[in-house]
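A short worksheet on the structure shown next.
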Amino acid sequence: MTTKTLILGQTLTFVDDPFKVPVAEAAMHESRGGVLIEDGLIAATGPADDLQRAHPDATVTDIGSRLLTAGFVDSHAHYPQTAIIASWGKRLVDWLNTYTFPEEARFRDAAYARETAGRYLDLTLMNGTTTVCSYCTIHPESVDAFFIEARKRGLRAVAGKTCMDQNAPDNLRDTAQSSHDDSKRLIERWHDVDRLGYAITPRFSPTSTPEQLEALGTLWAEHPECLMQTHLSEQTDEVAWALSLHSDARDYLDTYEMHGLLGKGALYGHAIHLNERERVRIAEAGASVVHCPTSNTFIGSGLLDLTGLAACGIRIALATDTGGGSSFSMLRTMAAAYEIAQLRGAALHPAQLYWLATAGSARAMRLDGKIGTLAPGLEADLIALDLASTAAIAQRANRAEDFWEALFPTIMMGDDRAVAQVWVAGRTTR
Ligand code: GUN
Ligand code: ZN
């Protein structure tokens, strides 16, 4: 006999993209709703009374006035940078050389990689993030470590071996051939095992020769079921550097496109300084731009024109970019996205922010049939948010006249204290 769990509380569900249709058509809020869980999946959603009547045999968990939603989906992170988050005073290339590369070199040690992966996943779960798409290091052991720890927690997770064959320290370089072969072995070992997926991961054009990008483009053609993640146009001097190293390319995107690294399932982190051709090609290809707002301010990269990119038809996702990003929290990340959009003259609706952090990121990762909202058949990765988790938030939420006004203070001021409960595949984590 299967066990049925019925969680009752406020619920928030997305049925469409709030950048394309009005919020009232994209999002549904129930002030007393529920989700029925069976075998790790969402079996039914709807008004609490209806669900209770239809499923009298279900075990009820009543979360009261808390808000039940899908867990957050962080579509760009570097778990190996957990211990160097919030490192002071550098811009991208100096930050990589000073803080990131020395730390990533430590992941040759499988025990260190396991310990960090476990700590990282516990921190993200505390923050309500139930799926991440992470870079690892060049060491295959760092990928094994991440997937072992994610699997232990029952998580849906995506990751890949970061590939670099130039402009990196000797102990952090692979070759075109070895990056292809190691990545292929990791795909065979991990892709589609339980809830895990593989992302082919050239770090970015400055640290890959054309030969390596070609080898990874070939690998992607052999394994189109995988995602492909990389960095694109994060800082203006990085754009110039990438073009100087790949002089045949028309622009930064073309350094990837010419080697078969543009397509559906491509995730381009940052993508702040794009030209018109790049915008058009990303939209045409059905690829995604991953907005990393706390990173873009922390490392001083620039202000993404999110609404402009959305208007071009580009799929956009949201991410922490831990540890270039300064937080593990997708709430904090939504707040930063709001503030950056304000600096560009646009006020993002709370529904748009929340969609980016859940369904939008899931869609970019081609996981929208599995996670990202509350709908029958999706996996039951859920969170209960306390919309009055601090005195400051509570007193503001208290004044709210509608649901969005009650949610917005938690988006702007919330942190892990707002995340009251987390379910992974229907099982509560604490
Ligand atoms: N560009 C290349 N590598 C990185 C990285 O690790 N973090 C960020 N933010 N940008 C990058
Ligand atoms: Zn990154």
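Residue numbering restarts at 1 for every chain of the structure tokens, chains are lettered A, B, ... in their displayed order, and ligands are numbered from 1 as they appear.
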
Give me every helix (DSSP H, G or I) residue in stretch 110-359 of chain A, going by DSSP on the backbone, as a PyMOL selection string.
chain A and resi 110-126+140-152+170-172+176-190+205-207+210-222+236-245+252-257+276-285+293-298+306-311+330-343+350-359

List every residue of chain A that has an atom at most 9 Å from any atom of ligand 1, giving for each one its closest atom pair and the distance in Å to one decimal, counting only C-alpha atoms and all ligand atoms, sorted by chain and then by ascending residue number, as a Markdown table.
| residue | atom | partner | partner_atom_place_in_ligand_line | distance |
| --- | --- | --- | --- | --- |
| A:Ala77 | CA | ligand 1 | 7 (N) | 8.3 |
| A:His78 | CA | ligand 1 | 6 (O) | 6.6 |
| A:Gln81 | CA | ligand 1 | 6 (O) | 7.8 |
| A:Leu92 | CA | ligand 1 | 10 (N) | 6.4 |
| A:Val93 | CA | ligand 1 | 1 (N) | 7.8 |
| A:Trp95 | CA | ligand 1 | 7 (N) | 8.5 |
| A:Leu96 | CA | ligand 1 | 6 (O) | 6.6 |
| A:Thr100 | CA | ligand 1 | 6 (O) | 6.8 |
| A:Phe101 | CA | ligand 1 | 6 (O) | 8.6 |
| A:Tyr135 | CA | ligand 1 | 6 (O) | 8.2 |
| A:Arg203 | CA | ligand 1 | 2 (C) | 5.5 |
| A:Phe204 | CA | ligand 1 | 2 (C) | 5.4 |
| A:Ser205 | CA | ligand 1 | 2 (C) | 8.6 |
| A:Pro206 | CA | ligand 1 | 2 (C) | 8.2 |
| A:Thr207 | CA | ligand 1 | 2 (C) | 8.0 |
| A:Thr230 | CA | ligand 1 | 2 (C) | 7.8 |
| A:His231 | CA | ligand 1 | 1 (N) | 5.5 |
| A:Leu232 | CA | ligand 1 | 1 (N) | 7.8 |
| A:Ser233 | CA | ligand 1 | 1 (N) | 9.0 |
| A:Glu234 | CA | ligand 1 | 10 (N) | 6.9 |
| A:Gln235 | CA | ligand 1 | 10 (N) | 8.9 |
| A:Glu238 | CA | ligand 1 | 1 (N) | 8.6 |
| A:Gly269 | CA | ligand 1 | 10 (N) | 7.8 |
| A:His270 | CA | ligand 1 | 9 (N) | 7.8 |
| A:Cys292 | CA | ligand 1 | 9 (N) | 8.2 |
| A:Ser295 | CA | ligand 1 | 9 (N) | 6.2 |
| A:Asn296 | CA | ligand 1 | 9 (N) | 7.6 |
| A:Ile299 | CA | ligand 1 | 9 (N) | 7.4 |
| A:Ser301 | CA | ligand 1 | 9 (N) | 8.8 |
| A:Asp321 | CA | ligand 1 | 9 (N) | 6.1 |
| A:Thr322 | CA | ligand 1 | 7 (N) | 7.9 |
| A:Gly323 | CA | ligand 1 | 7 (N) | 7.3 |
| A:Gly324 | CA | ligand 1 | 9 (N) | 4.6 |
| A:Gly325 | CA | ligand 1 | 9 (N) | 6.9 |

Since we have the selection now, will you write its residues out, keeping N, CA and C atoms, as a CSV table (one decimal), in the first residue's frame?
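Once written, selection_18.csv looks like this:
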chain,number,residue,atom,x,y,z
A,77,ALA,N,25.8,27.3,-10.4
A,77,ALA,CA,26.5,27.4,-9.1
A,77,ALA,C,27.8,26.6,-9.3
A,78,HIS,N,28.8,27.0,-8.4
A,78,HIS,CA,30.1,26.3,-8.4
A,78,HIS,C,30.2,25.7,-6.9
A,81,GLN,N,33.4,26.3,-4.9
A,81,GLN,CA,33.7,27.6,-4.4
A,81,GLN,C,33.0,27.9,-3.1
A,92,LEU,N,36.7,39.8,-12.1
A,92,LEU,CA,36.7,38.4,-12.5
A,92,LEU,C,38.0,37.6,-12.6
A,93,VAL,N,38.9,38.1,-13.5
A,93,VAL,CA,40.1,37.3,-13.8
A,93,VAL,C,41.0,37.3,-12.6
A,95,TRP,N,40.0,37.6,-9.5
A,95,TRP,CA,39.3,36.8,-8.5
A,95,TRP,C,39.5,35.3,-8.8
A,96,LEU,N,39.4,34.9,-10.1
A,96,LEU,CA,39.7,33.5,-10.5
A,96,LEU,C,41.1,33.1,-10.0
A,100,THR,N,39.9,31.5,-6.6
A,100,THR,CA,39.2,30.3,-7.2
A,100,THR,C,40.1,29.2,-7.6
A,101,PHE,N,41.1,29.5,-8.4
A,101,PHE,CA,41.9,28.4,-8.8
A,101,PHE,C,42.7,27.7,-7.7
A,135,TYR,N,28.8,23.5,-11.5
A,135,TYR,CA,30.1,23.3,-12.1
A,135,TYR,C,30.9,22.5,-11.0
A,203,ARG,N,34.6,25.7,-19.1
A,203,ARG,CA,34.5,26.8,-18.1
A,203,ARG,C,34.1,28.1,-18.8
A,204,PHE,N,34.9,28.5,-19.8
A,204,PHE,CA,34.6,29.7,-20.7
A,204,PHE,C,35.7,29.7,-21.7
A,205,SER,N,35.4,30.5,-22.8
A,205,SER,CA,36.3,30.5,-24.0
A,205,SER,C,37.8,30.9,-23.6
A,206,PRO,N,38.0,31.8,-22.7
A,206,PRO,CA,39.4,32.1,-22.4
A,206,PRO,C,40.2,30.9,-21.8
A,207,THR,N,39.6,30.0,-21.2
A,207,THR,CA,40.4,28.8,-20.7
A,207,THR,C,40.2,27.5,-21.5
A,230,THR,N,28.2,27.0,-19.6
A,230,THR,CA,29.4,27.7,-19.7
A,230,THR,C,29.1,29.2,-19.3
A,231,HIS,N,30.2,30.0,-19.4
A,231,HIS,CA,30.1,31.4,-19.1
A,231,HIS,C,30.1,32.2,-20.4
A,232,LEU,N,29.4,33.3,-20.4
A,232,LEU,CA,29.4,34.2,-21.6
A,232,LEU,C,29.3,35.6,-21.2
A,233,SER,N,30.2,36.5,-21.8
A,233,SER,CA,30.1,37.9,-21.7
A,233,SER,C,29.7,38.4,-20.4
A,234,GLU,N,30.6,38.1,-19.4
A,234,GLU,CA,30.4,38.5,-18.0
A,234,GLU,C,30.9,39.9,-17.8
A,235,GLN,N,32.2,40.1,-18.2
A,235,GLN,CA,32.8,41.4,-18.0
A,235,GLN,C,33.4,41.9,-19.3
A,238,GLU,N,36.8,40.7,-20.2
A,238,GLU,CA,36.8,39.3,-20.5
A,238,GLU,C,36.3,39.0,-22.0
A,269,GLY,N,25.9,31.4,-18.5
A,269,GLY,CA,25.9,32.1,-17.3
A,269,GLY,C,26.3,33.6,-17.6
A,270,HIS,N,25.5,34.5,-16.9
A,270,HIS,CA,25.8,36.0,-17.0
A,270,HIS,C,25.3,36.6,-18.3
A,292,CYS,N,22.7,35.9,-13.0
A,292,CYS,CA,23.4,35.7,-11.7
A,292,CYS,C,23.6,37.0,-11.0
A,295,SER,N,26.2,37.8,-8.1
A,295,SER,CA,27.6,37.7,-8.6
A,295,SER,C,27.9,38.9,-9.5
A,296,ASN,N,26.9,39.3,-10.3
A,296,ASN,CA,27.2,40.4,-11.2
A,296,ASN,C,27.4,41.8,-10.5
A,299,ILE,N,31.1,40.9,-8.2
A,299,ILE,CA,32.4,40.9,-8.9
A,299,ILE,C,32.4,42.1,-9.8
A,301,SER,N,30.3,43.0,-12.5
A,301,SER,CA,30.3,42.7,-13.9
A,301,SER,C,29.4,43.5,-14.7
A,321,ASP,N,25.2,31.6,-8.7
A,321,ASP,CA,26.6,31.6,-9.0
A,321,ASP,C,27.5,31.6,-7.8
A,322,THR,N,27.1,30.9,-6.8
A,322,THR,CA,28.0,30.6,-5.6
A,322,THR,C,29.3,30.1,-6.1
A,323,GLY,N,30.5,30.5,-5.7
A,323,GLY,CA,30.8,31.6,-4.8
A,323,GLY,C,31.3,32.9,-5.4
A,324,GLY,N,31.1,33.1,-6.8
A,324,GLY,CA,31.3,34.5,-7.3
A,324,GLY,C,30.1,35.3,-6.8
A,325,GLY,N,28.9,34.6,-6.7
A,325,GLY,CA,27.7,35.1,-6.1
A,325,GLY,C,27.9,35.1,-4.6

Compile the contact shell of stretch 373-382 of chain A as an MDAnalysis selection string: residues with an atom at most 9 Å away, counting only C-alpha atoms, same-chain residues fewer than 2 positions apart removed.
chainID A and resid 11:15 35:45 68:72 128 130:131 155:156 355 358:359 362 368:371 384 421:428

Contacts of A:Arg108 at 10 Å or less, counting only C-alpha atoms, minus same-chain residues fewer than 6 places along, as a ChimeraX atom specification?
/A:137-142,171-172

Mind writing the picked residues with C-alpha atoms as a short mmCIF file (atom, residue, chain, number, x, y, z; two decimals), in the first residue's frame?
data_model
loop_
_atom_site.label_atom_id
_atom_site.label_comp_id
_atom_site.auth_asym_id
_atom_site.auth_seq_id
_atom_site.Cartn_x
_atom_site.Cartn_y
_atom_site.Cartn_z
CA THR A 137 36.46 21.19 -11.01
CA ILE A 138 38.65 19.64 -13.70
CA HIS A 139 38.98 16.54 -11.51
CA PRO A 140 36.56 13.69 -12.32
CA GLU A 141 36.65 12.88 -8.56
CA SER A 142 34.95 16.21 -7.89
CA ASN A 171 47.51 21.56 -11.94
CA LEU A 172 44.12 22.70 -13.26
#

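The gap separating atom CA of A:Gly300 from atom CA of A:Ser247 is 26.1 Å, in Å to one decimal.
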
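Using only C-alpha atoms, the residues found no farther than 9 Å from A:Met334, other than those of its own chain fewer than 3 positions away, are Pro293, Leu318, Ala319, Ser329, Met330, Leu331, Ala337, Tyr338, Glu339, Pro350, Leu353, Tyr354, Leu356, Ala357, Ile411 and Met412 of chain A.
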
Residue nearest A:Asp50 among A:Leu6, A:Leu125, A:Ile187, A:Leu67 (counting only C-alpha atoms):
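Closest candidate: A:Leu6.
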
Counting only C-alpha atoms and all ligand atoms, which of A:Asn97, A:Thr218, A:Ser75, A:Ser31 gets nearest to ligand 2?
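Nearest to ligand 2: A:Ser75.
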
In Å to one decimal, how far is atom CA of A:Trp241 from atom CA of A:Arg106?
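Straight-line distance from atom CA of A:Arg106 to atom CA of A:Trp241 works out to 27.0 Å.
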
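Of the residues under consideration (A:His259, A:Arg279, A:His291, A:His29), A:His291 shows the shortest atom-to-atom contact distance to ligand 2 when counting only C-alpha atoms and all ligand atoms.
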
Between A:Phe19, A:Tyr268, A:Trp88, A:Tyr120, which residue has the minimum interatomic distance to ligand 2, considering only C-alpha atoms and all ligand atoms?
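Result for the nearest residue to ligand 2: A:Tyr268.
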
Which one is closest to ligand 2: A:Thr294, A:Gln342, A:Ser87, A:Gln166? Count only C-alpha atoms and all ligand atoms.
A:Thr294

May I have all residues of stretch 103-327 of chain A that DSSP, computed from the backbone, assigns to strand (DSSP E), given as a PDB file with N, CA, C and O atoms, in the first residue's frame?
ATOM      1  N   THR A 129      16.595  25.316  -1.641  1.00  0.00           N
ATOM      2  CA  THR A 129      16.967  24.943  -3.017  1.00  0.00           C
ATOM      3  C   THR A 129      17.014  23.425  -3.107  1.00  0.00           C
ATOM      4  O   THR A 129      17.807  22.780  -2.420  1.00  0.00           O
ATOM      5  N   THR A 130      16.161  22.880  -3.963  1.00  0.00           N
ATOM      6  CA  THR A 130      16.073  21.428  -4.060  1.00  0.00           C
ATOM      7  C   THR A 130      16.726  20.884  -5.327  1.00  0.00           C
ATOM      8  O   THR A 130      16.905  19.672  -5.443  1.00  0.00           O
ATOM      9  N   THR A 131      17.065  21.768  -6.262  1.00  0.00           N
ATOM     10  CA  THR A 131      17.836  21.332  -7.449  1.00  0.00           C
ATOM     11  C   THR A 131      18.877  22.388  -7.778  1.00  0.00           C
ATOM     12  O   THR A 131      18.556  23.588  -7.812  1.00  0.00           O
ATOM     13  N   VAL A 132      20.106  21.938  -8.038  1.00  0.00           N
ATOM     14  CA  VAL A 132      21.137  22.862  -8.519  1.00  0.00           C
ATOM     15  C   VAL A 132      21.763  22.295  -9.789  1.00  0.00           C
ATOM     16  O   VAL A 132      21.735  21.098 -10.037  1.00  0.00           O
ATOM     17  N   CYS A 133      22.317  23.219 -10.564  1.00  0.00           N
ATOM     18  CA  CYS A 133      23.121  22.856 -11.728  1.00  0.00           C
ATOM     19  C   CYS A 133      24.520  23.389 -11.418  1.00  0.00           C
ATOM     20  O   CYS A 133      24.736  24.601 -11.421  1.00  0.00           O
ATOM     21  N   SER A 134      25.433  22.494 -11.084  1.00  0.00           N
ATOM     22  CA  SER A 134      26.727  22.947 -10.566  1.00  0.00           C
ATOM     23  C   SER A 134      27.896  22.624 -11.496  1.00  0.00           C
ATOM     24  O   SER A 134      27.929  21.563 -12.122  1.00  0.00           O
ATOM     25  N   TYR A 135      28.822  23.544 -11.539  1.00  0.00           N
ATOM     26  CA  TYR A 135      30.144  23.256 -12.074  1.00  0.00           C
ATOM     27  C   TYR A 135      30.894  22.462 -11.008  1.00  0.00           C
ATOM     28  O   TYR A 135      30.710  22.693  -9.803  1.00  0.00           O
ATOM     29  N   ALA A 157      19.661  16.633  -9.403  1.00  0.00           N
ATOM     30  CA  ALA A 157      20.801  17.537  -9.510  1.00  0.00           C
ATOM     31  C   ALA A 157      21.507  17.327 -10.839  1.00  0.00           C
ATOM     32  O   ALA A 157      21.473  16.239 -11.416  1.00  0.00           O
ATOM     33  N   VAL A 158      22.138  18.405 -11.314  1.00  0.00           N
ATOM     34  CA  VAL A 158      22.898  18.358 -12.565  1.00  0.00           C
ATOM     35  C   VAL A 158      24.282  18.921 -12.281  1.00  0.00           C
ATOM     36  O   VAL A 158      24.432  19.880 -11.510  1.00  0.00           O
ATOM     37  N   ALA A 159      25.303  18.337 -12.896  1.00  0.00           N
ATOM     38  CA  ALA A 159      26.665  18.844 -12.709  1.00  0.00           C
ATOM     39  C   ALA A 159      27.552  18.345 -13.839  1.00  0.00           C
ATOM     40  O   ALA A 159      27.162  17.453 -14.607  1.00  0.00           O
ATOM     41  N   GLY A 160      28.739  18.931 -13.923  1.00  0.00           N
ATOM     42  CA  GLY A 160      29.687  18.472 -14.939  1.00  0.00           C
ATOM     43  C   GLY A 160      31.113  18.834 -14.571  1.00  0.00           C
ATOM     44  O   GLY A 160      31.358  19.775 -13.787  1.00  0.00           O
ATOM     45  N   THR A 162      34.388  20.594 -15.012  1.00  0.00           N
ATOM     46  CA  THR A 162      34.818  21.839 -15.641  1.00  0.00           C
ATOM     47  C   THR A 162      36.067  21.565 -16.480  1.00  0.00           C
ATOM     48  O   THR A 162      37.029  20.967 -15.993  1.00  0.00           O
ATOM     49  N   CYS A 163      36.030  21.999 -17.746  1.00  0.00           N
ATOM     50  CA  CYS A 163      37.134  21.715 -18.663  1.00  0.00           C
ATOM     51  C   CYS A 163      37.939  22.982 -18.950  1.00  0.00           C
ATOM     52  O   CYS A 163      37.361  24.032 -19.256  1.00  0.00           O
ATOM     53  N   LEU A 196      19.845  12.158 -11.309  1.00  0.00           N
ATOM     54  CA  LEU A 196      21.028  12.952 -11.659  1.00  0.00           C
ATOM     55  C   LEU A 196      21.134  13.164 -13.167  1.00  0.00           C
ATOM     56  O   LEU A 196      20.707  12.323 -13.953  1.00  0.00           O
ATOM     57  N   GLY A 197      21.714  14.283 -13.540  1.00  0.00           N
ATOM     58  CA  GLY A 197      21.917  14.570 -14.962  1.00  0.00           C
ATOM     59  C   GLY A 197      23.278  15.208 -15.168  1.00  0.00           C
ATOM     60  O   GLY A 197      23.844  15.805 -14.241  1.00  0.00           O
ATOM     61  N   TYR A 198      23.788  15.092 -16.371  1.00  0.00           N
ATOM     62  CA  TYR A 198      25.131  15.606 -16.659  1.00  0.00           C
ATOM     63  C   TYR A 198      25.054  16.853 -17.546  1.00  0.00           C
ATOM     64  O   TYR A 198      24.256  16.928 -18.471  1.00  0.00           O
ATOM     65  N   ALA A 199      25.917  17.820 -17.245  1.00  0.00           N
ATOM     66  CA  ALA A 199      26.076  19.007 -18.096  1.00  0.00           C
ATOM     67  C   ALA A 199      27.514  19.062 -18.593  1.00  0.00           C
ATOM     68  O   ALA A 199      28.460  19.106 -17.788  1.00  0.00           O
ATOM     69  N   ILE A 200      27.692  19.040 -19.901  1.00  0.00           N
ATOM     70  CA  ILE A 200      29.022  19.224 -20.490  1.00  0.00           C
ATOM     71  C   ILE A 200      29.454  20.655 -20.175  1.00  0.00           C
ATOM     72  O   ILE A 200      28.667  21.589 -20.345  1.00  0.00           O
ATOM     73  N   THR A 201      30.695  20.821 -19.659  1.00  0.00           N
ATOM     74  CA  THR A 201      31.040  22.071 -18.975  1.00  0.00           C
ATOM     75  C   THR A 201      32.401  22.648 -19.373  1.00  0.00           C
ATOM     76  O   THR A 201      33.382  22.505 -18.628  1.00  0.00           O
ATOM     77  N   PRO A 202      32.492  23.297 -20.540  1.00  0.00           N
ATOM     78  CA  PRO A 202      33.697  24.106 -20.778  1.00  0.00           C
ATOM     79  C   PRO A 202      33.596  25.354 -19.884  1.00  0.00           C
ATOM     80  O   PRO A 202      32.556  26.006 -19.892  1.00  0.00           O
ATOM     81  N   LEU A 227      22.821  18.554 -20.818  1.00  0.00           N
ATOM     82  CA  LEU A 227      22.880  20.009 -20.916  1.00  0.00           C
ATOM     83  C   LEU A 227      24.309  20.416 -21.250  1.00  0.00           C
ATOM     84  O   LEU A 227      25.239  19.605 -21.169  1.00  0.00           O
ATOM     85  N   MET A 228      24.504  21.688 -21.622  1.00  0.00           N
ATOM     86  CA  MET A 228      25.841  22.244 -21.838  1.00  0.00           C
ATOM     87  C   MET A 228      25.864  23.572 -21.093  1.00  0.00           C
ATOM     88  O   MET A 228      25.001  24.411 -21.320  1.00  0.00           O
ATOM     89  N   GLN A 229      26.792  23.728 -20.165  1.00  0.00           N
ATOM     90  CA  GLN A 229      26.838  24.989 -19.400  1.00  0.00           C
ATOM     91  C   GLN A 229      28.208  25.646 -19.554  1.00  0.00           C
ATOM     92  O   GLN A 229      29.245  24.984 -19.586  1.00  0.00           O
ATOM     93  N   THR A 230      28.183  26.971 -19.640  1.00  0.00           N
ATOM     94  CA  THR A 230      29.430  27.725 -19.714  1.00  0.00           C
ATOM     95  C   THR A 230      29.150  29.184 -19.322  1.00  0.00           C
ATOM     96  O   THR A 230      28.031  29.531 -18.951  1.00  0.00           O
ATOM     97  N   HIS A 231      30.190  30.010 -19.366  1.00  0.00           N
ATOM     98  CA  HIS A 231      30.055  31.438 -19.070  1.00  0.00           C
ATOM     99  C   HIS A 231      30.142  32.226 -20.372  1.00  0.00           C
ATOM    100  O   HIS A 231      30.884  31.842 -21.280  1.00  0.00           O
ATOM    101  N   LEU A 232      29.416  33.338 -20.409  1.00  0.00           N
ATOM    102  CA  LEU A 232      29.388  34.161 -21.626  1.00  0.00           C
ATOM    103  C   LEU A 232      29.289  35.636 -21.249  1.00  0.00           C
ATOM    104  O   LEU A 232      28.419  36.018 -20.460  1.00  0.00           O
ATOM    105  N   ALA A 266      21.561  24.625 -23.887  1.00  0.00           N
ATOM    106  CA  ALA A 266      22.765  25.396 -23.544  1.00  0.00           C
ATOM    107  C   ALA A 266      22.386  26.426 -22.483  1.00  0.00           C
ATOM    108  O   ALA A 266      21.373  27.123 -22.610  1.00  0.00           O
ATOM    109  N   LEU A 267      23.199  26.498 -21.451  1.00  0.00           N
ATOM    110  CA  LEU A 267      22.982  27.459 -20.353  1.00  0.00           C
ATOM    111  C   LEU A 267      24.172  28.406 -20.325  1.00  0.00           C
ATOM    112  O   LEU A 267      25.290  27.979 -20.019  1.00  0.00           O
ATOM    113  N   TYR A 268      23.935  29.669 -20.650  1.00  0.00           N
ATOM    114  CA  TYR A 268      25.016  30.655 -20.658  1.00  0.00           C
ATOM    115  C   TYR A 268      24.917  31.527 -19.403  1.00  0.00           C
ATOM    116  O   TYR A 268      23.985  32.328 -19.275  1.00  0.00           O
ATOM    117  N   GLY A 269      25.860  31.359 -18.510  1.00  0.00           N
ATOM    118  CA  GLY A 269      25.865  32.149 -17.281  1.00  0.00           C
ATOM    119  C   GLY A 269      26.263  33.590 -17.566  1.00  0.00           C
ATOM    120  O   GLY A 269      27.193  33.828 -18.326  1.00  0.00           O
ATOM    121  N   HIS A 270      25.536  34.523 -16.947  1.00  0.00           N
ATOM    122  CA  HIS A 270      25.798  35.969 -17.002  1.00  0.00           C
ATOM    123  C   HIS A 270      25.266  36.595 -18.293  1.00  0.00           C
ATOM    124  O   HIS A 270      24.237  37.236 -18.271  1.00  0.00           O
ATOM    125  N   SER A 288      19.433  29.242 -23.184  1.00  0.00           N
ATOM    126  CA  SER A 288      19.023  30.068 -22.041  1.00  0.00           C
ATOM    127  C   SER A 288      20.150  30.938 -21.519  1.00  0.00           C
ATOM    128  O   SER A 288      21.317  30.534 -21.520  1.00  0.00           O
ATOM    129  N   VAL A 289      19.761  32.119 -21.073  1.00  0.00           N
ATOM    130  CA  VAL A 289      20.672  32.995 -20.329  1.00  0.00           C
ATOM    131  C   VAL A 289      20.374  32.795 -18.849  1.00  0.00           C
ATOM    132  O   VAL A 289      19.213  32.840 -18.431  1.00  0.00           O
ATOM    133  N   VAL A 290      21.421  32.568 -18.074  1.00  0.00           N
ATOM    134  CA  VAL A 290      21.239  32.395 -16.633  1.00  0.00           C
ATOM    135  C   VAL A 290      21.686  33.679 -15.930  1.00  0.00           C
ATOM    136  O   VAL A 290      22.870  34.032 -15.957  1.00  0.00           O
ATOM    137  N   HIS A 291      20.722  34.343 -15.333  1.00  0.00           N
ATOM    138  CA  HIS A 291      20.981  35.607 -14.629  1.00  0.00           C
ATOM    139  C   HIS A 291      21.554  35.296 -13.246  1.00  0.00           C
ATOM    140  O   HIS A 291      20.962  34.516 -12.489  1.00  0.00           O
ATOM    141  N   ARG A 315      15.010  32.580 -23.313  1.00  0.00           N
ATOM    142  CA  ARG A 315      14.665  31.913 -22.054  1.00  0.00           C
ATOM    143  C   ARG A 315      15.629  32.393 -20.979  1.00  0.00           C
ATOM    144  O   ARG A 315      16.845  32.350 -21.196  1.00  0.00           O
ATOM    145  N   ILE A 316      15.099  32.767 -19.842  1.00  0.00           N
ATOM    146  CA  ILE A 316      15.964  33.265 -18.768  1.00  0.00           C
ATOM    147  C   ILE A 316      15.757  32.427 -17.518  1.00  0.00           C
ATOM    148  O   ILE A 316      14.639  32.027 -17.195  1.00  0.00           O
ATOM    149  N   ALA A 317      16.868  32.149 -16.857  1.00  0.00           N
ATOM    150  CA  ALA A 317      16.840  31.407 -15.603  1.00  0.00           C
ATOM    151  C   ALA A 317      17.534  32.265 -14.547  1.00  0.00           C
ATOM    152  O   ALA A 317      18.133  33.306 -14.866  1.00  0.00           O
ATOM    153  N   LEU A 318      17.466  31.818 -13.305  1.00  0.00           N
ATOM    154  CA  LEU A 318      18.040  32.601 -12.207  1.00  0.00           C
ATOM    155  C   LEU A 318      18.961  31.710 -11.382  1.00  0.00           C
ATOM    156  O   LEU A 318      18.687  30.523 -11.202  1.00  0.00           O
TER     157      LEU A 318
END

Which residue gives the smallest distance to A:Ala113 among A:Ala336, A:Ile393, A:Ala364, A:Val143, with only C-alpha atoms counted?
A:Val143

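Taking atom CA of A:His180 and atom CA of A:Glu211 as endpoints, the distance between them is 10.5 Å.
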